[in-house]
Amino acid sequence: MESGDEMTPGELNRLFTEYNVYDREGNIQWSTIDNINGYSSQVYSGVSQAEIEQCLTAGHYPIVRVRVNAVGNFHYVLIVGTKDGDYVCMDPLKDELTRLSQYGGRVYAVRVVQTD
């Protein structure tokens with residue numbers, strides 16, 4: 001989503017549920033987001049720091065795929081900025097901001113959800 005838009009996680013979850021964005025396992029079907037009036041998603045074909053920086057500069061918060069504890073299952077976090085040379089993330093499994101370095105500093109995929 002764009003950084004100027006206000007929507008709570010609960011509201012976004014209800015919207016995604018209404019439009020069947022989640023599959024049976026709870027995975028997000030990124031292309032389905034494009035069916036929601038006023039929203040679109042972009043799935044980047046590559047992963048680079050330049051793409052992440054471009055998203056942040058444009059006012060978008062990139063959703064990135066990481067590994068739990070750097071070696072575990074794949075998981076998605078939202079990058080909300082930078083601090084001391086590290087990306088600051090919101091993790092839906094944590095009650096506080098985290099750092100990308102906590103996930104090994106490696107990103108496996110980049111997505112952005114934005115309003116049109």
# chains A, B, ... in the order shown; residues from 1 in each chain; ligands from 1
$ residues_around --residues "A:Trp30" --least-positions-apart "4" --cutoff "12 Å" --atoms "only C-alpha atoms" --output "ChimeraX atom specification"
/A:16,19-23,34-36,39-44,63,110-114
$ select_by_dssp --residues "chain A" --states "strand (DSSP E or B)" --output "PDB file with N, CA and C atoms, in the first residue's frame"
ATOM      1  N   GLU A   2       0.348   2.316  -0.439  1.00  0.00           N
ATOM      2  CA  GLU A   2       1.095   3.548  -0.410  1.00  0.00           C
ATOM      3  C   GLU A   2       1.146   4.066   1.016  1.00  0.00           C
ATOM      4  N   TYR A  22      -6.848 -14.878  -0.432  1.00  0.00           N
ATOM      5  CA  TYR A  22      -6.156 -15.993   0.219  1.00  0.00           C
ATOM      6  C   TYR A  22      -6.596 -17.325  -0.385  1.00  0.00           C
ATOM      7  N   ILE A  28      -1.292 -15.631  -0.030  1.00  0.00           N
ATOM      8  CA  ILE A  28      -1.832 -14.537  -0.840  1.00  0.00           C
ATOM      9  C   ILE A  28      -1.672 -14.860  -2.316  1.00  0.00           C
ATOM     10  N   TYR A  39      -7.032  -1.086  -6.253  1.00  0.00           N
ATOM     11  CA  TYR A  39      -5.792  -1.694  -5.770  1.00  0.00           C
ATOM     12  C   TYR A  39      -5.085  -2.422  -6.905  1.00  0.00           C
ATOM     13  N   SER A  40      -3.782  -2.500  -6.790  1.00  0.00           N
ATOM     14  CA  SER A  40      -2.997  -3.287  -7.730  1.00  0.00           C
ATOM     15  C   SER A  40      -1.775  -3.829  -6.994  1.00  0.00           C
ATOM     16  N   SER A  41      -1.219  -4.873  -7.548  1.00  0.00           N
ATOM     17  CA  SER A  41      -0.014  -5.456  -6.972  1.00  0.00           C
ATOM     18  C   SER A  41       1.053  -5.549  -8.042  1.00  0.00           C
ATOM     19  N   GLN A  42       2.267  -5.475  -7.602  1.00  0.00           N
ATOM     20  CA  GLN A  42       3.397  -5.651  -8.509  1.00  0.00           C
ATOM     21  C   GLN A  42       4.299  -6.704  -7.903  1.00  0.00           C
ATOM     22  N   VAL A  43       4.578  -7.738  -8.677  1.00  0.00           N
ATOM     23  CA  VAL A  43       5.492  -8.794  -8.270  1.00  0.00           C
ATOM     24  C   VAL A  43       6.770  -8.587  -9.077  1.00  0.00           C
ATOM     25  N   HIS A  60       6.238   3.683  -1.292  1.00  0.00           N
ATOM     26  CA  HIS A  60       5.618   2.364  -1.167  1.00  0.00           C
ATOM     27  C   HIS A  60       6.405   1.529  -0.171  1.00  0.00           C
ATOM     28  N   ILE A  63       6.767  -5.502   0.352  1.00  0.00           N
ATOM     29  CA  ILE A  63       6.534  -6.740   1.086  1.00  0.00           C
ATOM     30  C   ILE A  63       7.587  -7.717   0.571  1.00  0.00           C
ATOM     31  N   VAL A  64       8.409  -8.233   1.476  1.00  0.00           N
ATOM     32  CA  VAL A  64       9.519  -9.082   1.033  1.00  0.00           C
ATOM     33  C   VAL A  64       9.437 -10.459   1.673  1.00  0.00           C
ATOM     34  N   ARG A  65       9.877 -11.446   0.884  1.00  0.00           N
ATOM     35  CA  ARG A  65       9.912 -12.825   1.383  1.00  0.00           C
ATOM     36  C   ARG A  65      11.275 -13.069   2.015  1.00  0.00           C
ATOM     37  N   VAL A  66      11.258 -13.571   3.233  1.00  0.00           N
ATOM     38  CA  VAL A  66      12.470 -13.869   3.981  1.00  0.00           C
ATOM     39  C   VAL A  66      12.341 -15.285   4.540  1.00  0.00           C
ATOM     40  N   ARG A  67      13.355 -15.729   5.237  1.00  0.00           N
ATOM     41  CA  ARG A  67      13.286 -17.015   5.939  1.00  0.00           C
ATOM     42  C   ARG A  67      13.267 -16.755   7.445  1.00  0.00           C
ATOM     43  N   PHE A  74       9.726 -19.965   4.620  1.00  0.00           N
ATOM     44  CA  PHE A  74       9.547 -18.649   4.010  1.00  0.00           C
ATOM     45  C   PHE A  74       8.455 -17.902   4.744  1.00  0.00           C
ATOM     46  N   HIS A  75       8.586 -16.588   4.786  1.00  0.00           N
ATOM     47  CA  HIS A  75       7.703 -15.731   5.554  1.00  0.00           C
ATOM     48  C   HIS A  75       7.760 -14.339   4.905  1.00  0.00           C
ATOM     49  N   TYR A  76       6.705 -13.558   5.003  1.00  0.00           N
ATOM     50  CA  TYR A  76       6.683 -12.212   4.439  1.00  0.00           C
ATOM     51  C   TYR A  76       6.689 -11.163   5.542  1.00  0.00           C
ATOM     52  N   VAL A  77       7.497 -10.115   5.335  1.00  0.00           N
ATOM     53  CA  VAL A  77       7.524  -8.959   6.230  1.00  0.00           C
ATOM     54  C   VAL A  77       7.414  -7.700   5.370  1.00  0.00           C
ATOM     55  N   LEU A  78       7.020  -6.613   5.998  1.00  0.00           N
ATOM     56  CA  LEU A  78       6.848  -5.331   5.332  1.00  0.00           C
ATOM     57  C   LEU A  78       8.022  -4.435   5.697  1.00  0.00           C
ATOM     58  N   ILE A  79       8.761  -3.956   4.711  1.00  0.00           N
ATOM     59  CA  ILE A  79       9.852  -3.023   4.975  1.00  0.00           C
ATOM     60  C   ILE A  79       9.260  -1.624   5.076  1.00  0.00           C
ATOM     61  N   VAL A  80       9.520  -0.957   6.207  1.00  0.00           N
ATOM     62  CA  VAL A  80       8.941   0.367   6.448  1.00  0.00           C
ATOM     63  C   VAL A  80       9.983   1.477   6.464  1.00  0.00           C
ATOM     64  N   GLY A  81      11.250   1.147   6.332  1.00  0.00           N
ATOM     65  CA  GLY A  81      12.284   2.174   6.313  1.00  0.00           C
ATOM     66  C   GLY A  81      13.660   1.588   6.548  1.00  0.00           C
ATOM     67  N   THR A  82      14.607   2.462   6.847  1.00  0.00           N
ATOM     68  CA  THR A  82      15.972   2.043   7.128  1.00  0.00           C
ATOM     69  C   THR A  82      16.461   2.718   8.407  1.00  0.00           C
ATOM     70  N   LYS A  83      17.393   2.055   9.067  1.00  0.00           N
ATOM     71  CA  LYS A  83      18.022   2.626  10.251  1.00  0.00           C
ATOM     72  C   LYS A  83      19.382   1.959  10.430  1.00  0.00           C
ATOM     73  N   ASP A  86      20.378  -0.823   7.986  1.00  0.00           N
ATOM     74  CA  ASP A  86      19.571  -2.045   7.941  1.00  0.00           C
ATOM     75  C   ASP A  86      18.122  -1.650   7.653  1.00  0.00           C
ATOM     76  N   TYR A  87      17.393  -2.527   6.995  1.00  0.00           N
ATOM     77  CA  TYR A  87      15.980  -2.273   6.760  1.00  0.00           C
ATOM     78  C   TYR A  87      15.178  -2.568   8.017  1.00  0.00           C
ATOM     79  N   VAL A  88      14.229  -1.699   8.311  1.00  0.00           N
ATOM     80  CA  VAL A  88      13.318  -1.868   9.434  1.00  0.00           C
ATOM     81  C   VAL A  88      12.049  -2.515   8.886  1.00  0.00           C
ATOM     82  N   CYS A  89      11.575  -3.556   9.576  1.00  0.00           N
ATOM     83  CA  CYS A  89      10.450  -4.347   9.074  1.00  0.00           C
ATOM     84  C   CYS A  89       9.340  -4.455  10.108  1.00  0.00           C
ATOM     85  N   MET A  90       8.130  -4.604   9.592  1.00  0.00           N
ATOM     86  CA  MET A  90       6.982  -5.003  10.402  1.00  0.00           C
ATOM     87  C   MET A  90       6.723  -6.466  10.078  1.00  0.00           C
ATOM     88  N   THR A  98      11.170  -5.140  13.587  1.00  0.00           N
ATOM     89  CA  THR A  98      12.333  -6.010  13.488  1.00  0.00           C
ATOM     90  C   THR A  98      13.296  -5.409  12.468  1.00  0.00           C
ATOM     91  N   ARG A  99      14.403  -6.063  12.265  1.00  0.00           N
ATOM     92  CA  ARG A  99      15.391  -5.654  11.266  1.00  0.00           C
ATOM     93  C   ARG A  99      15.557  -6.790  10.261  1.00  0.00           C
ATOM     94  N   ALA A 109      12.105 -12.447  -2.496  1.00  0.00           N
ATOM     95  CA  ALA A 109      11.110 -11.943  -3.432  1.00  0.00           C
ATOM     96  C   ALA A 109      10.617 -10.588  -2.926  1.00  0.00           C
ATOM     97  N   VAL A 110      10.169  -9.755  -3.879  1.00  0.00           N
ATOM     98  CA  VAL A 110       9.663  -8.422  -3.543  1.00  0.00           C
ATOM     99  C   VAL A 110       8.308  -8.238  -4.207  1.00  0.00           C
ATOM    100  N   ARG A 111       7.349  -7.705  -3.427  1.00  0.00           N
ATOM    101  CA  ARG A 111       6.018  -7.375  -3.927  1.00  0.00           C
ATOM    102  C   ARG A 111       5.618  -6.019  -3.361  1.00  0.00           C
ATOM    103  N   VAL A 112       4.729  -5.343  -4.071  1.00  0.00           N
ATOM    104  CA  VAL A 112       4.170  -4.078  -3.592  1.00  0.00           C
ATOM    105  C   VAL A 112       2.681  -4.095  -3.880  1.00  0.00           C
ATOM    106  N   VAL A 113       1.876  -3.707  -2.884  1.00  0.00           N
ATOM    107  CA  VAL A 113       0.459  -3.511  -3.056  1.00  0.00           C
ATOM    108  C   VAL A 113       0.239  -2.008  -2.951  1.00  0.00           C
ATOM    109  N   GLN A 114      -0.469  -1.455  -3.932  1.00  0.00           N
ATOM    110  CA  GLN A 114      -0.681  -0.006  -3.929  1.00  0.00           C
ATOM    111  C   GLN A 114      -2.097   0.340  -4.363  1.00  0.00           C
ATOM    112  N   THR A 115      -2.494   1.554  -4.020  1.00  0.00           N
ATOM    113  CA  THR A 115      -3.771   2.047  -4.473  1.00  0.00           C
ATOM    114  C   THR A 115      -3.571   2.776  -5.789  1.00  0.00           C
TER     115      THR A 115
END
$ atom_distance --atom1 "atom CA of A:Asp95" --atom2 "atom CA of A:Gly72"
19.7 Å
$ select_by_dssp --residues "stretch 27-102 of chain A" --states "helix (DSSP H, G or I)" --output "list in words"
Trp30, Ser31, Thr32, Ile33, Asp34, Asn35, Gln49, Ala50, Glu51, Ile52, Glu53, Gln54, Cys55, Leu56, Thr57, Val68, Asn69, Ala70, Leu100, Ser101 and Gln102 of chain A
$ write_last_selection --atoms "N, CA, C and O atoms" --output "compact mmCIF listing (two decimals), in the first residue's frame"
# COMPACT_ATOMS: atom_id res chain seq x y z
N TRP A 30 -1.36 -13.05 -5.37
CA TRP A 30 -1.04 -11.65 -5.67
C TRP A 30 -1.84 -11.09 -6.83
O TRP A 30 -2.29 -9.95 -6.78
N SER A 31 -2.03 -11.85 -7.88
CA SER A 31 -2.76 -11.33 -9.05
C SER A 31 -4.23 -11.05 -8.73
O SER A 31 -4.86 -10.22 -9.37
N THR A 32 -4.78 -11.72 -7.73
CA THR A 32 -6.17 -11.50 -7.33
C THR A 32 -6.38 -10.10 -6.76
O THR A 32 -7.47 -9.54 -6.86
N ILE A 33 -5.35 -9.52 -6.18
CA ILE A 33 -5.44 -8.17 -5.63
C ILE A 33 -5.85 -7.18 -6.72
O ILE A 33 -6.58 -6.22 -6.46
N ASP A 34 -5.42 -7.43 -7.94
CA ASP A 34 -5.76 -6.55 -9.06
C ASP A 34 -7.26 -6.52 -9.34
O ASP A 34 -7.75 -5.61 -10.02
N ASN A 35 -8.02 -7.49 -8.83
CA ASN A 35 -9.47 -7.53 -9.01
C ASN A 35 -10.22 -6.62 -8.04
O ASN A 35 -11.42 -6.42 -8.16
N GLN A 49 18.66 -4.50 -3.97
CA GLN A 49 18.56 -3.39 -3.04
C GLN A 49 18.05 -2.15 -3.77
O GLN A 49 17.27 -1.37 -3.21
N ALA A 50 18.43 -1.98 -5.03
CA ALA A 50 17.97 -0.83 -5.82
C ALA A 50 16.45 -0.82 -5.96
O ALA A 50 15.82 0.23 -5.85
N GLU A 51 15.84 -2.00 -6.19
CA GLU A 51 14.39 -2.08 -6.31
C GLU A 51 13.70 -1.74 -4.98
O GLU A 51 12.70 -1.05 -4.95
N ILE A 52 14.26 -2.25 -3.89
CA ILE A 52 13.69 -1.95 -2.57
C ILE A 52 13.80 -0.46 -2.29
O ILE A 52 12.83 0.17 -1.84
N GLU A 53 14.94 0.12 -2.57
CA GLU A 53 15.14 1.56 -2.36
C GLU A 53 14.20 2.38 -3.23
O GLU A 53 13.65 3.39 -2.80
N GLN A 54 14.00 1.94 -4.48
CA GLN A 54 13.08 2.63 -5.39
C GLN A 54 11.66 2.62 -4.84
O GLN A 54 10.95 3.63 -4.89
N CYS A 55 11.24 1.50 -4.27
CA CYS A 55 9.91 1.40 -3.66
C CYS A 55 9.78 2.41 -2.52
O CYS A 55 8.82 3.17 -2.46
N LEU A 56 10.75 2.41 -1.62
CA LEU A 56 10.69 3.30 -0.47
C LEU A 56 10.71 4.77 -0.89
O LEU A 56 9.96 5.58 -0.36
N THR A 57 11.53 5.10 -1.89
CA THR A 57 11.60 6.47 -2.39
C THR A 57 10.28 6.91 -2.99
O THR A 57 9.87 8.07 -2.84
N VAL A 68 12.37 -17.41 8.14
CA VAL A 68 12.29 -17.30 9.59
C VAL A 68 13.62 -17.74 10.18
O VAL A 68 14.15 -18.80 9.82
N ASN A 69 14.19 -16.91 11.06
CA ASN A 69 15.49 -17.19 11.68
C ASN A 69 16.58 -17.45 10.64
O ASN A 69 17.53 -18.18 10.90
N ALA A 70 16.42 -16.87 9.47
CA ALA A 70 17.39 -16.92 8.37
C ALA A 70 17.51 -18.28 7.69
O ALA A 70 18.09 -18.38 6.62
N LEU A 100 15.84 -6.44 9.03
CA LEU A 100 16.04 -7.46 8.01
C LEU A 100 17.19 -8.39 8.39
O LEU A 100 17.16 -9.58 8.09
N SER A 101 18.17 -7.87 9.09
CA SER A 101 19.30 -8.70 9.52
C SER A 101 18.85 -9.86 10.41
O SER A 101 19.52 -10.89 10.48
N GLN A 102 17.70 -9.73 11.09
CA GLN A 102 17.18 -10.81 11.92
C GLN A 102 16.72 -12.00 11.08
O GLN A 102 16.50 -13.09 11.61
$ atom_distance --atom1 "atom CA of A:Arg14" --atom2 "atom CA of A:Asp91"
18.7 Å
$ atom_distance --atom1 "atom CA of A:Met7" --atom2 "atom CA of A:Asp116"
14.9 Å
$ closest_residue --among "A:Pro92, A:Gln29, A:Leu97, A:Gly38" --to "A:Thr17" --atoms "only C-alpha atoms"
A:Gln29
